[in-house]
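As provided, my_file.cif (mmCIF, C-alpha atoms) reads as follows.
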```
data_structure
loop_
_atom_site.label_atom_id
_atom_site.label_comp_id
_atom_site.auth_asym_id
_atom_site.auth_seq_id
_atom_site.Cartn_x
_atom_site.Cartn_y
_atom_site.Cartn_z
CA MET A 1 -5.34 65.85 5.00
CA GLU A 2 -7.65 63.54 6.91
CA LYS A 3 -10.86 65.15 8.15
CA ARG A 4 -11.13 65.13 11.94
CA LYS A 5 -13.93 66.48 14.09
CA PRO A 6 -12.28 69.51 15.69
CA ARG A 7 -12.34 69.60 19.49
CA ASN A 8 -14.70 72.04 21.20
CA ILE A 9 -13.33 75.20 22.80
CA PHE A 10 -16.58 76.98 23.69
CA VAL A 11 -18.05 77.13 27.16
CA HIS A 12 -21.29 78.84 28.16
CA GLY A 13 -20.81 81.99 30.22
CA ALA A 14 -17.77 82.88 32.36
CA ILE A 15 -14.93 80.40 32.88
CA SER A 16 -14.80 79.55 36.60
CA THR A 17 -11.64 79.43 38.70
CA SER A 18 -12.56 75.88 39.77
CA PHE A 19 -12.59 74.84 36.10
CA ILE A 20 -9.13 76.39 35.72
CA ALA A 21 -7.86 74.71 38.91
CA GLU A 22 -9.15 71.28 37.81
CA ASN A 23 -7.46 71.74 34.47
CA ILE A 24 -4.11 72.52 36.14
CA GLU A 25 -4.55 69.70 38.66
CA ARG A 26 -4.99 67.16 35.86
CA HIS A 27 -1.36 67.84 34.83
CA HIS A 28 0.19 66.77 38.16
CA SER A 29 0.47 63.22 36.81
CA ARG A 30 2.38 64.42 33.72
CA HIS A 31 5.92 64.13 35.13
CA GLU A 32 7.66 65.21 31.92
CA ILE A 33 6.22 68.74 32.27
CA GLY A 34 8.43 71.47 33.76
CA GLY A 35 6.45 74.61 33.01
CA HIS A 36 2.91 75.81 32.31
CA SER A 37 1.97 79.13 30.78
CA ILE A 38 -1.57 80.44 31.19
CA PHE A 39 -3.34 83.46 29.76
CA LEU A 40 -6.70 84.56 31.12
CA GLY A 41 -8.81 87.21 29.39
CA GLN A 42 -11.02 89.11 31.85
CA VAL A 43 -13.98 91.36 30.92
CA ARG A 44 -13.05 94.98 31.65
CA ALA A 45 -15.62 97.54 32.83
CA ASP A 46 -14.48 100.14 30.28
CA GLN A 47 -15.87 103.68 30.44
CA VAL A 48 -17.27 104.95 27.12
CA GLU A 49 -18.75 108.46 27.06
CA GLY A 50 -19.77 108.28 30.71
CA LYS A 51 -21.27 104.80 30.43
CA THR A 52 -19.75 101.66 31.94
CA VAL A 53 -19.48 98.25 30.28
CA SER A 54 -21.28 95.81 32.59
CA ALA A 55 -20.82 92.62 30.52
CA ILE A 56 -19.76 91.27 27.14
CA GLU A 57 -22.02 88.93 25.19
CA TYR A 58 -20.04 86.63 22.89
CA THR A 59 -21.28 84.98 19.71
CA ALA A 60 -19.27 82.87 17.26
CA TYR A 61 -19.50 81.16 13.93
CA GLU A 62 -18.80 77.97 15.84
CA GLU A 63 -18.09 75.46 13.06
CA MET A 64 -15.67 77.83 11.32
CA ALA A 65 -14.03 78.86 14.61
CA LEU A 66 -13.41 75.24 15.63
CA GLU A 67 -11.92 74.34 12.24
CA LYS A 68 -9.68 77.42 12.40
CA MET A 69 -8.65 76.66 15.99
CA GLN A 70 -7.66 73.14 14.95
CA ALA A 71 -5.49 74.58 12.14
CA ILE A 72 -3.86 77.03 14.59
CA ARG A 73 -3.20 74.15 17.04
CA ASP A 74 -1.53 72.16 14.26
CA ASP A 75 0.70 75.15 13.43
CA ILE A 76 1.64 75.69 17.07
CA PHE A 77 2.44 72.04 17.74
CA GLY A 78 4.60 72.04 14.59
CA LYS A 79 6.49 75.10 15.79
CA TYR A 80 6.94 74.54 19.55
CA GLU A 81 7.86 71.46 21.58
CA LEU A 82 4.72 71.26 23.72
CA THR A 83 3.34 68.44 25.78
CA CYS A 84 -0.19 69.85 25.51
CA ALA A 85 -2.32 72.93 24.91
CA HIS A 86 -5.86 73.70 26.08
CA ILE A 87 -8.04 76.57 24.87
CA TYR A 88 -11.44 77.69 26.17
CA HIS A 89 -13.50 80.69 25.07
CA SER A 90 -16.81 81.89 26.49
CA LEU A 91 -20.03 82.20 24.53
CA GLY A 92 -23.01 84.16 25.82
CA LYS A 93 -22.85 86.74 28.59
CA VAL A 94 -19.79 87.28 30.80
CA GLU A 95 -20.09 89.97 33.49
CA ALA A 96 -17.28 92.48 34.10
CA GLY A 97 -14.57 90.75 36.14
CA GLY A 98 -15.40 87.33 34.66
CA ILE A 99 -12.92 85.20 32.69
CA CYS A 100 -13.80 84.87 28.97
CA LEU A 101 -10.61 83.26 27.57
CA PHE A 102 -8.35 80.56 29.03
CA VAL A 103 -5.23 79.50 27.11
CA PHE A 104 -3.03 76.90 28.79
CA THR A 105 0.21 75.43 27.37
CA SER A 106 2.76 73.05 28.91
CA SER A 107 6.26 71.91 28.01
CA ALA A 108 9.32 70.18 29.52
CA HIS A 109 11.25 73.46 29.66
CA ARG A 110 9.63 76.85 30.10
CA LYS A 111 10.33 78.66 26.80
CA PRO A 112 8.07 76.71 24.40
CA ALA A 113 5.09 76.93 26.78
CA ILE A 114 5.55 80.70 27.26
CA GLU A 115 6.04 81.51 23.58
CA ALA A 116 3.26 79.22 22.35
CA CYS A 117 0.77 80.63 24.86
CA SER A 118 1.45 84.19 23.77
CA GLU A 119 1.22 83.28 20.06
CA LEU A 120 -2.03 81.37 20.61
CA VAL A 121 -3.61 84.41 22.30
CA GLU A 122 -2.66 86.68 19.39
CA ARG A 123 -3.96 84.24 16.79
CA ILE A 124 -7.21 83.54 18.68
CA LYS A 125 -7.98 87.26 18.85
CA ALA A 126 -7.07 87.90 15.21
CA GLU A 127 -8.31 84.77 13.46
CA LEU A 128 -11.29 83.21 15.24
CA PRO A 129 -14.76 84.31 14.04
CA VAL A 130 -15.97 85.40 17.47
CA TRP A 131 -17.67 88.69 18.32
CA GLY A 132 -18.06 90.56 21.57
CA LYS A 133 -21.02 92.88 22.21
CA GLU A 134 -20.21 95.26 25.06
CA LEU A 135 -23.36 95.78 27.12
CA PHE A 136 -23.73 99.00 29.10
CA GLU A 137 -25.58 99.34 32.37
CA ASP A 138 -28.46 101.23 30.64
CA ALA A 139 -29.11 98.33 28.19
CA SER A 140 -27.42 100.10 25.26
CA TYR A 141 -24.41 98.39 23.66
CA GLN A 142 -21.46 98.74 21.32
CA TRP A 143 -19.53 96.12 19.38
CA LYS A 144 -16.09 95.32 20.78
CA GLU A 145 -13.05 96.02 18.58
CA ASN A 146 -9.76 94.14 18.92
CA LYS A 147 -6.54 96.08 18.47
CA MET B 1 15.63 104.82 49.54
CA GLU B 2 13.27 104.15 52.42
CA LYS B 3 13.63 100.73 54.02
CA ARG B 4 10.47 98.64 53.70
CA LYS B 5 9.91 95.14 55.00
CA PRO B 6 9.81 93.12 51.77
CA ARG B 7 6.72 90.97 51.25
CA ASN B 8 7.03 87.21 51.64
CA ILE B 9 7.05 84.96 48.57
CA PHE B 10 7.88 81.62 50.19
CA VAL B 11 5.37 78.88 50.87
CA HIS B 12 6.08 75.54 52.50
CA GLY B 13 5.89 72.57 50.12
CA ALA B 14 3.99 72.40 46.82
CA ILE B 15 1.70 75.25 45.70
CA SER B 16 -1.86 73.86 45.54
CA THR B 17 -4.30 74.46 42.69
CA SER B 18 -6.83 75.76 45.23
CA PHE B 19 -4.32 78.41 46.31
CA ILE B 20 -3.90 79.38 42.64
CA ALA B 21 -7.67 79.45 42.07
CA GLU B 22 -8.29 81.65 45.14
CA ASN B 23 -5.60 84.03 43.94
CA ILE B 24 -7.24 84.34 40.50
CA GLU B 25 -10.71 84.63 42.05
CA ARG B 26 -9.62 87.59 44.17
CA HIS B 27 -9.12 89.59 40.94
CA HIS B 28 -12.75 89.31 39.77
CA SER B 29 -13.53 92.54 41.63
CA ARG B 30 -10.71 94.40 39.81
CA HIS B 31 -12.72 95.65 36.85
CA GLU B 32 -9.84 97.57 35.28
CA ILE B 33 -8.03 94.29 34.50
CA GLY B 34 -8.30 92.84 30.99
CA GLY B 35 -5.63 90.13 31.03
CA HIS B 36 -3.75 87.87 33.40
CA SER B 37 -0.56 85.98 32.63
CA ILE B 38 0.48 83.05 34.80
CA PHE B 39 3.59 80.90 34.85
CA LEU B 40 3.71 77.69 36.87
CA GLY B 41 6.92 75.78 37.44
CA GLN B 42 6.32 72.04 37.92
CA VAL B 43 8.84 69.52 39.30
CA ARG B 44 9.94 67.22 36.48
CA ALA B 45 10.81 63.54 37.08
CA ASP B 46 14.06 63.78 35.10
CA GLN B 47 16.05 60.64 34.34
CA VAL B 48 19.75 60.83 35.30
CA GLU B 49 21.90 57.77 34.61
CA GLY B 50 19.00 55.38 35.08
CA LYS B 51 17.71 57.08 38.24
CA THR B 52 14.52 59.15 38.43
CA VAL B 53 14.07 62.45 40.28
CA SER B 54 11.24 61.87 42.76
CA ALA B 55 11.19 65.34 44.37
CA ILE B 56 13.09 68.61 44.70
CA GLU B 57 13.95 70.05 48.10
CA TYR B 58 14.26 73.84 48.02
CA THR B 59 16.26 76.01 50.37
CA ALA B 60 16.82 79.77 50.19
CA TYR B 61 18.74 82.59 51.76
CA GLU B 62 15.36 84.04 52.61
CA GLU B 63 16.22 87.58 53.76
CA MET B 64 18.42 88.19 50.72
CA ALA B 65 15.90 86.59 48.34
CA LEU B 66 13.05 88.77 49.62
CA GLU B 67 15.10 91.96 49.34
CA LYS B 68 16.13 90.99 45.80
CA MET B 69 12.55 90.10 44.85
CA GLN B 70 11.40 93.51 46.06
CA ALA B 71 14.04 95.19 43.87
CA ILE B 72 12.96 93.10 40.86
CA ARG B 73 9.29 94.03 41.51
CA ASP B 74 10.25 97.71 41.58
CA ASP B 75 12.05 97.34 38.24
CA ILE B 76 9.12 95.49 36.65
CA PHE B 77 6.50 97.98 37.86
CA GLY B 78 8.69 100.79 36.51
CA LYS B 79 8.92 99.09 33.12
CA TYR B 80 5.41 97.67 32.53
CA GLU B 81 1.94 99.09 33.14
CA LEU B 82 0.69 96.44 35.55
CA THR B 83 -2.23 96.50 37.94
CA CYS B 84 -0.56 93.86 40.14
CA ALA B 85 1.96 91.04 40.34
CA HIS B 86 2.07 88.06 42.69
CA ILE B 87 5.01 85.68 43.14
CA TYR B 88 5.18 82.47 45.18
CA HIS B 89 8.07 79.99 45.45
CA SER B 90 8.14 76.72 47.36
CA LEU B 91 10.58 75.90 50.16
CA GLY B 92 11.11 72.36 51.40
CA LYS B 93 10.14 69.25 49.50
CA VAL B 94 7.97 69.28 46.36
CA GLU B 95 7.20 65.87 44.79
CA ALA B 96 7.45 65.36 41.01
CA GLY B 97 4.32 66.80 39.40
CA GLY B 98 3.93 69.44 42.12
CA ILE B 99 3.95 73.20 41.49
CA CYS B 100 7.04 74.97 42.90
CA LEU B 101 6.75 78.45 41.31
CA PHE B 102 3.67 80.62 40.68
CA VAL B 103 4.12 83.98 38.92
CA PHE B 104 0.92 85.95 38.25
CA THR B 105 0.71 89.36 36.54
CA SER B 106 -2.31 91.43 35.50
CA SER B 107 -2.86 94.50 33.33
CA ALA B 108 -5.60 96.43 31.52
CA HIS B 109 -4.40 95.18 28.12
CA ARG B 110 -2.69 91.85 27.58
CA LYS B 111 0.85 92.79 26.49
CA PRO B 112 2.28 94.21 29.75
CA ALA B 113 1.01 91.21 31.77
CA ILE B 114 2.47 88.71 29.29
CA GLU B 115 5.85 90.40 28.96
CA ALA B 116 6.23 91.14 32.68
CA CYS B 117 5.39 87.55 33.64
CA SER B 118 8.01 86.14 31.31
CA GLU B 119 10.66 88.61 32.51
CA LEU B 120 9.85 87.90 36.16
CA VAL B 121 10.34 84.15 35.61
CA GLU B 122 13.75 84.71 33.99
CA ARG B 123 14.90 87.04 36.75
CA ILE B 124 13.61 84.82 39.57
CA LYS B 125 15.57 81.86 38.19
CA ALA B 126 18.74 83.88 37.61
CA GLU B 127 18.81 86.24 40.58
CA LEU B 128 17.11 84.77 43.64
CA PRO B 129 19.36 82.90 46.09
CA VAL B 130 17.31 79.70 46.03
CA TRP B 131 18.67 76.17 45.58
CA GLY B 132 17.01 72.97 44.45
CA LYS B 133 18.27 69.55 45.57
CA GLU B 134 16.99 66.85 43.23
CA LEU B 135 16.17 63.77 45.28
CA PHE B 136 16.27 60.38 43.58
CA GLU B 137 14.10 57.41 44.48
CA ASP B 138 17.09 55.61 46.08
CA ALA B 139 17.74 58.50 48.53
CA SER B 140 20.77 59.78 46.61
CA TYR B 141 20.62 63.34 45.22
CA GLN B 142 22.15 65.91 42.90
CA TRP B 143 22.02 69.71 42.99
CA LYS B 144 19.77 71.26 40.36
CA GLU B 145 21.36 73.55 37.78
CA ASN B 146 19.46 76.34 36.01
CA LYS B 147 20.24 76.96 32.35
CA MET C 1 45.07 88.40 70.98
CA SER C 2 43.23 86.08 68.56
CA ASN C 3 40.42 87.29 66.31
CA PRO C 4 36.81 86.92 67.56
CA GLU C 5 34.77 84.24 65.80
CA ILE C 6 32.06 85.11 63.29
CA SER C 7 29.29 82.95 61.76
CA ILE C 8 29.18 82.32 58.05
CA MET C 9 26.04 80.96 56.37
CA VAL C 10 26.59 78.24 53.77
CA PHE C 11 23.99 77.27 51.14
CA GLY C 12 23.25 74.64 48.52
CA GLN C 13 25.97 72.32 47.24
CA LEU C 14 28.62 74.16 49.32
CA THR C 15 27.21 72.40 52.39
CA ASP C 16 28.50 69.16 50.82
CA ILE C 17 32.00 70.65 51.25
CA THR C 18 31.59 72.28 54.69
CA GLY C 19 29.30 69.60 56.15
CA THR C 20 27.24 72.34 57.81
CA SER C 21 25.14 75.39 56.94
CA SER C 22 26.75 77.56 59.61
CA LEU C 23 30.53 77.93 60.02
CA GLN C 24 32.31 79.58 62.96
CA VAL C 25 35.61 81.13 61.80
CA PRO C 26 37.93 83.89 63.10
CA LEU C 27 36.91 87.31 61.75
CA GLN C 28 39.18 88.61 58.97
CA ALA C 29 39.76 92.23 57.95
CA ASP C 30 38.20 91.90 54.51
CA SER C 31 36.38 89.52 52.16
CA ASP C 32 39.56 88.49 50.29
CA SER C 33 41.30 87.40 53.49
CA MET C 34 38.12 85.64 54.58
CA LYS C 35 38.02 83.68 51.29
CA ALA C 36 41.68 82.70 51.79
CA GLU C 37 40.96 81.59 55.37
CA LEU C 38 37.97 79.51 54.23
CA GLN C 39 39.96 77.87 51.42
CA LYS C 40 42.68 76.93 53.93
CA ARG C 41 40.05 75.16 56.06
CA TYR C 42 38.07 73.70 53.12
CA PRO C 43 40.47 73.18 50.20
CA ALA C 44 37.61 71.93 47.94
CA LEU C 45 36.28 75.52 47.91
CA VAL C 46 39.11 76.42 45.52
CA TYR C 47 37.34 74.42 42.81
CA ALA C 48 33.78 75.36 43.78
CA ARG C 49 31.78 78.03 41.96
CA TYR C 50 30.36 80.46 44.52
CA ILE C 51 30.06 84.11 45.49
CA MET C 52 30.33 85.65 48.93
CA ALA C 53 27.51 87.94 50.10
CA VAL C 54 28.12 90.54 52.81
CA ASP C 55 25.01 92.10 54.34
CA ARG C 56 22.90 90.39 51.67
CA LYS C 57 24.79 91.97 48.74
CA PRO C 58 27.04 89.94 46.42
CA VAL C 59 30.67 90.97 46.93
CA THR C 60 32.38 92.35 43.86
CA GLY C 61 36.01 93.23 44.49
CA ASN C 62 37.15 93.30 48.11
CA VAL C 63 35.08 94.70 51.01
CA SER C 64 36.04 95.18 54.66
CA LEU C 65 34.38 93.07 57.34
CA SER C 66 33.38 93.76 60.95
CA GLY C 67 31.89 91.69 63.73
CA GLN C 68 28.48 93.04 62.60
CA SER C 69 28.86 91.77 59.02
CA THR C 70 26.41 89.14 57.80
CA ILE C 71 28.44 86.78 55.64
CA ALA C 72 27.12 84.04 53.34
CA LEU C 73 28.54 81.70 50.69
CA LEU C 74 26.25 81.22 47.70
CA PRO C 75 26.70 78.61 44.95
CA PRO C 76 24.93 79.17 41.56
CA PHE C 77 21.20 79.75 42.07
CA SER C 78 18.76 77.05 41.00
CA GLY C 79 15.32 78.19 42.07
CA GLY C 80 12.12 77.78 40.10
CA MET D 1 -37.54 80.77 -13.69
CA SER D 2 -36.43 82.62 -10.58
CA ASN D 3 -33.37 81.58 -8.59
CA PRO D 4 -33.90 79.26 -5.59
CA GLU D 5 -33.43 80.92 -2.21
CA ILE D 6 -30.36 80.26 -0.08
CA SER D 7 -29.68 81.07 3.59
CA ILE D 8 -26.89 83.41 4.55
CA MET D 9 -25.60 83.58 8.12
CA VAL D 10 -24.95 87.06 9.48
CA PHE D 11 -22.76 87.76 12.53
CA GLY D 12 -21.80 90.53 14.95
CA GLN D 13 -22.48 94.17 14.10
CA LEU D 14 -23.77 93.21 10.63
CA THR D 15 -26.96 92.00 12.33
CA ASP D 16 -27.59 95.66 13.21
CA ILE D 17 -27.85 96.25 9.45
CA THR D 18 -29.78 93.13 8.44
CA GLY D 19 -31.93 92.94 11.56
CA THR D 20 -31.50 89.15 11.55
CA SER D 21 -28.78 86.51 11.79
CA SER D 22 -30.19 84.47 8.90
CA LEU D 23 -31.09 85.98 5.50
CA GLN D 24 -33.01 84.23 2.73
CA VAL D 25 -31.90 85.56 -0.68
CA PRO D 26 -32.00 84.23 -4.27
CA LEU D 27 -28.91 82.16 -5.07
CA GLN D 28 -26.37 83.97 -7.28
CA ALA D 29 -23.76 82.43 -9.57
CA ASP D 30 -20.75 83.67 -7.62
CA SER D 31 -19.68 85.56 -4.52
CA ASP D 32 -19.26 88.90 -6.29
CA SER D 33 -22.84 88.82 -7.62
CA MET D 34 -24.04 87.76 -4.17
CA LYS D 35 -22.31 90.75 -2.57
CA ALA D 36 -23.95 93.04 -5.16
CA GLU D 37 -27.37 91.49 -4.48
CA LEU D 38 -26.92 91.93 -0.72
CA GLN D 39 -25.83 95.55 -1.09
CA LYS D 40 -28.93 96.26 -3.19
CA ARG D 41 -31.09 94.91 -0.36
CA TYR D 42 -29.03 96.43 2.50
CA PRO D 43 -27.35 99.61 1.19
CA ALA D 44 -25.55 100.14 4.55
CA LEU D 45 -23.41 97.07 3.74
CA VAL D 46 -21.51 99.24 1.22
CA TYR D 47 -19.94 101.09 4.14
CA ALA D 48 -19.55 98.08 6.45
CA ARG D 49 -16.26 96.23 6.92
CA TYR D 50 -16.86 92.54 6.44
CA ILE D 51 -15.71 89.43 4.60
CA MET D 52 -17.82 86.69 3.06
CA ALA D 53 -17.04 83.09 4.00
CA VAL D 54 -18.08 80.23 1.72
CA ASP D 55 -17.94 76.75 3.24
CA ARG D 56 -16.19 78.22 6.29
CA LYS D 57 -13.30 79.70 4.27
CA PRO D 58 -12.87 83.47 3.83
CA VAL D 59 -13.46 84.41 0.20
CA THR D 60 -10.53 86.06 -1.55
CA GLY D 61 -11.30 87.00 -5.14
CA ASN D 62 -14.49 85.62 -6.63
CA VAL D 63 -15.77 82.06 -6.06
CA SER D 64 -18.73 80.29 -7.61
CA LEU D 65 -21.74 79.39 -5.47
CA SER D 66 -24.17 76.48 -5.51
CA GLY D 67 -27.28 75.57 -3.56
CA GLN D 68 -24.98 73.50 -1.30
CA SER D 69 -22.72 76.46 -0.44
CA THR D 70 -22.61 77.58 3.19
CA ILE D 71 -22.42 81.37 3.09
CA ALA D 72 -21.69 83.73 5.98
CA LEU D 73 -21.00 87.44 6.43
CA LEU D 74 -18.30 88.17 9.00
CA PRO D 75 -17.45 91.60 10.44
CA PRO D 76 -13.99 92.13 12.07
CA PHE D 77 -13.40 89.51 14.77
CA SER D 78 -13.41 90.61 18.40
CA GLY D 79 -13.04 87.50 20.52
CA GLY D 80 -10.96 87.17 23.67
#
```

Output the file's structure as structure tokens, nothing else.
Amino acid sequence: MEKRKPRNIFVHGAISTSFIAENIERHHSRHEIGGHSIFLGQVRADQVEGKTVSAIEYTAYEEMALEKMQAIRDDIFGKYELTCAHIYHSLGKVEAGGICLFVFTSSAHRKPAIEACSELVERIKAELPVWGKELFEDASYQWKENK
Amino acid sequence: MEKRKPRNIFVHGAISTSFIAENIERHHSRHEIGGHSIFLGQVRADQVEGKTVSAIEYTAYEEMALEKMQAIRDDIFGKYELTCAHIYHSLGKVEAGGICLFVFTSSAHRKPAIEACSELVERIKAELPVWGKELFEDASYQWKENK
Amino acid sequence: MSNPEISIMVFGQLTDITGTSSLQVPLQADSDSMKAELQKRYPALVYARYIMAVDRKPVTGNVSLSGQSTIALLPPFSGG
Amino acid sequence: MSNPEISIMVFGQLTDITGTSSLQVPLQADSDSMKAELQKRYPALVYARYIMAVDRKPVTGNVSLSGQSTIALLPPFSGG
């Protein structure tokens, strides 16, 4: 297979709603699209033994994550009839209530967009070398675990 | 069952990306939320016998649609552990490329939001008394059919 | 004594048959007789797919009508 | 002659064990010997869940290493 430079998915800090809106807006000129499916991951202020998570700090093995994401994209485009798919993940600190993951798929009819979006979210959480460090209000921390 | 005034879901014309962004933004203070799922329906410029759909004009039996939507909401909240769900549907004319349906669900963990959003979209299309009139560029039209 | 008139709401592609979204027709005793009356006035309704709603509920079987009934004719839904 | 040193990238909770995100250790012939060398230096790694990646691919089985290998230690992923 030809070697391509994989596209970037990482953004610094929380993903803003204006960034999301601009991304949606850009699809108004794509008149073959009938449905968009979006997943947004938001940082939860979980309670752990009386302490509250105030933020998550994300780190990644970026080169490996981007190569893996490109392979997942290829799989998804082979499996579902999509017009496009956009994925963004935060690096660095995202406060509770902030958006840390933005997955956005589009298709002519709704089913492929909905199914592909859901599958992308599962694969991103399971397969991308990204780590979340849950920071408590008292400056202690614990490492996030995905179920 | 007690009679409540069902909440409105109808908006005039296309649903703007700024409306969507404000809706997402409002959830940043809900720190128990971990995932949002969003579906957006977009008007497709379908080709029919050489003519192109330029817009869809939506009408509804509003009172019946709102009562039905309330019943669907009750079902969905009984079935999935959601923190909230928001539904908006256009009435009147939406040009090709415009957003005509906005379904937005949130939950602590991702699965309920994703599954509830998808089920809401199916039920809205099948059960709400709403009709789309596909307007062609030459001022002729055909009535939309949902599959 | 002739029956009082009642309004019937008409939606979607059925308005192509009736030419209007609000019909005035003599009240009938039940939904089956009302359908028959409407088909007499608009023969194309015989071939149209639609349901009748009374008081915002789809009619299944035959239901009785009064002057207070809210009646609507609904072709297949196509929202979203 | 002693082995040349090679850098190993360390991620996530494994940095709590190594105290750093970049280790310098003598190059070993293969991934199994590298794991053994690392566990000698950081005994807590024996109890840690992690995989080794060589050239950005997770190692399954044993693979040989060279001075050009890109080596990383990856604890369970927790993105999203």

Kindly determine which residues of chain A lie within 12 Å of chain C, considering all atoms listed in the file, and give the answer as a ChimeraX atom specification. /A:34-35,109-110

Can you build me a table of chain A residues sitting at most 10 Å from chain B, with the closest atom pair per residue and its distance in Å to one decimal, using only C-alpha atoms, sorted by chain and residue number, as a tab-separated table?
```
residue	atom	partner	partner_atom	distance
A:Ser16	CA	B:Glu25	CA	8.5
A:Thr17	CA	B:Ala21	CA	5.2
A:Ser18	CA	B:Ala21	CA	6.5
A:Phe19	CA	B:Ala21	CA	9.0
A:Ile20	CA	B:Ala21	CA	7.2
A:Ala21	CA	B:Thr17	CA	5.2
A:Glu22	CA	B:Thr17	CA	7.6
A:Asn23	CA	B:Thr17	CA	9.2
A:Ile24	CA	B:Thr17	CA	6.8
A:Glu25	CA	B:Thr17	CA	6.2
A:Arg26	CA	B:Gly97	CA	10.0
A:His27	CA	B:Gly97	CA	7.4
A:His28	CA	B:Gly97	CA	4.3
A:Ser29	CA	B:Gly97	CA	5.9
A:Arg30	CA	B:Gly97	CA	6.5
A:His31	CA	B:Arg44	CA	5.2
A:Glu32	CA	B:Arg44	CA	5.5
A:Ile33	CA	B:Arg44	CA	5.8
A:Gly34	CA	B:Gln42	CA	4.7
A:Gly35	CA	B:Gly41	CA	4.6
A:His36	CA	B:Leu40	CA	5.0
A:Ser37	CA	B:Phe39	CA	4.7
A:Ile38	CA	B:Ile38	CA	4.9
A:Phe39	CA	B:Ser37	CA	4.7
A:Leu40	CA	B:His36	CA	5.0
A:Gly41	CA	B:Gly35	CA	4.6
A:Gln42	CA	B:Gly34	CA	4.7
A:Val43	CA	B:Gly34	CA	5.9
A:Arg44	CA	B:Gly34	CA	5.3
A:Ala45	CA	B:His31	CA	5.3
A:Asp46	CA	B:Glu32	CA	7.3
A:Gln47	CA	B:Glu32	CA	9.9
A:Val53	CA	B:His31	CA	9.8
A:Ser54	CA	B:His31	CA	9.6
A:Glu95	CA	B:His28	CA	9.7
A:Ala96	CA	B:His31	CA	6.2
A:Gly97	CA	B:His28	CA	4.3
A:Gly98	CA	B:His28	CA	6.1
A:Ile99	CA	B:His28	CA	8.2
A:Cys100	CA	B:Gly34	CA	9.9
A:Leu101	CA	B:Gly35	CA	9.2
A:Phe102	CA	B:His36	CA	9.7
A:Val103	CA	B:Ser37	CA	9.7
A:Phe104	CA	B:Ile38	CA	9.3
A:Thr105	CA	B:Phe39	CA	9.9
A:Ser106	CA	B:Leu40	CA	9.3
A:Ser107	CA	B:Gln42	CA	9.9
A:Ala108	CA	B:Arg44	CA	7.6
A:His109	CA	B:Gly41	CA	9.2
A:Arg110	CA	B:Gly41	CA	7.9
A:Lys111	CA	B:Ser118	CA	9.0
A:Ala113	CA	B:Phe39	CA	9.1
A:Ile114	CA	B:Ser118	CA	7.2
A:Glu115	CA	B:Ser118	CA	9.2
A:Cys117	CA	B:Ile114	CA	9.4
A:Ser118	CA	B:Ile114	CA	7.2
A:Val121	CA	B:Arg110	CA	9.2
A:Glu122	CA	B:Arg110	CA	9.7
A:Lys147	CA	B:His109	CA	9.9
```

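Of the residues listed (A:Lys133, A:Lys51, A:Arg73, A:His86), A:His86 shows the shortest atom-to-atom separation from Phe10 in chain A; distances use all atoms listed in the file.
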
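For the choices D:Leu74, D:Ala29, D:Val46, D:Ile17, the atom-to-atom distance to Asn3 in chain D is smallest for D:Ala29 when using only C-alpha atoms.
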
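As for CA of Lys57 in chain D and CA of Val10 in chain D, they are spaced 14.7 Å apart.
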
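Evaluated against this file, the PyMOL selection byres ((chain C and resi 42-45) around 12) yields Val10, Gln13, Leu14, Thr15, Asp16, Ile17, Thr18, Gly19, Thr20, Leu23, Val25, Lys35, Ala36, Glu37, Leu38, Gln39, Lys40, Arg41, Val46, Tyr47, Ala48, Arg49, Tyr50, Ile51, Met52, Leu73, Leu74 and Pro75 of chain C.
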
Those selected residues, please, written with C-alpha atoms and delivered as a compact mmCIF listing (two decimals), in the frame of the given file.
```txt
# COMPACT_ATOMS: atom_id res chain seq x y z
CA VAL C 10 26.59 78.24 53.77
CA GLN C 13 25.97 72.32 47.24
CA LEU C 14 28.62 74.16 49.32
CA THR C 15 27.21 72.40 52.39
CA ASP C 16 28.50 69.16 50.82
CA ILE C 17 32.00 70.65 51.25
CA THR C 18 31.59 72.28 54.69
CA GLY C 19 29.30 69.60 56.15
CA THR C 20 27.24 72.34 57.81
CA LEU C 23 30.53 77.93 60.02
CA VAL C 25 35.61 81.13 61.80
CA LYS C 35 38.02 83.68 51.29
CA ALA C 36 41.68 82.70 51.79
CA GLU C 37 40.96 81.59 55.37
CA LEU C 38 37.97 79.51 54.23
CA GLN C 39 39.96 77.87 51.42
CA LYS C 40 42.68 76.93 53.93
CA ARG C 41 40.05 75.16 56.06
CA VAL C 46 39.11 76.42 45.52
CA TYR C 47 37.34 74.42 42.81
CA ALA C 48 33.78 75.36 43.78
CA ARG C 49 31.78 78.03 41.96
CA TYR C 50 30.36 80.46 44.52
CA ILE C 51 30.06 84.11 45.49
CA MET C 52 30.33 85.65 48.93
CA LEU C 73 28.54 81.70 50.69
CA LEU C 74 26.25 81.22 47.70
CA PRO C 75 26.70 78.61 44.95
```

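Straight-line separation from CA of Pro112 in chain B to CA of Asp74 in chain B: 14.7 Å.
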
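Taking CA of Trp143 in chain A and CA of Tyr61 in chain A as the two end points, the separation is 15.9 Å.
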
For this file, the PyMOL selection byres ((chain C and resi 67) around 10) selects which residues, as a PyMOL selection string? chain C and resi 3-7+26-29+65-66+68-70

Contacts of Arg7 in chain B within 9 Å, all atoms listed in the file, excl. fewer than 3 positions in-chain, as an MDAnalysis selection string: chainID B and resid 4 66:67 69:70

Could you tell me which residues the PyMOL selection byres ((chain B and resi 13) around 7) grabs in this file, written as a ChimeraX atom specification? /B:11-12,14-15,90-94
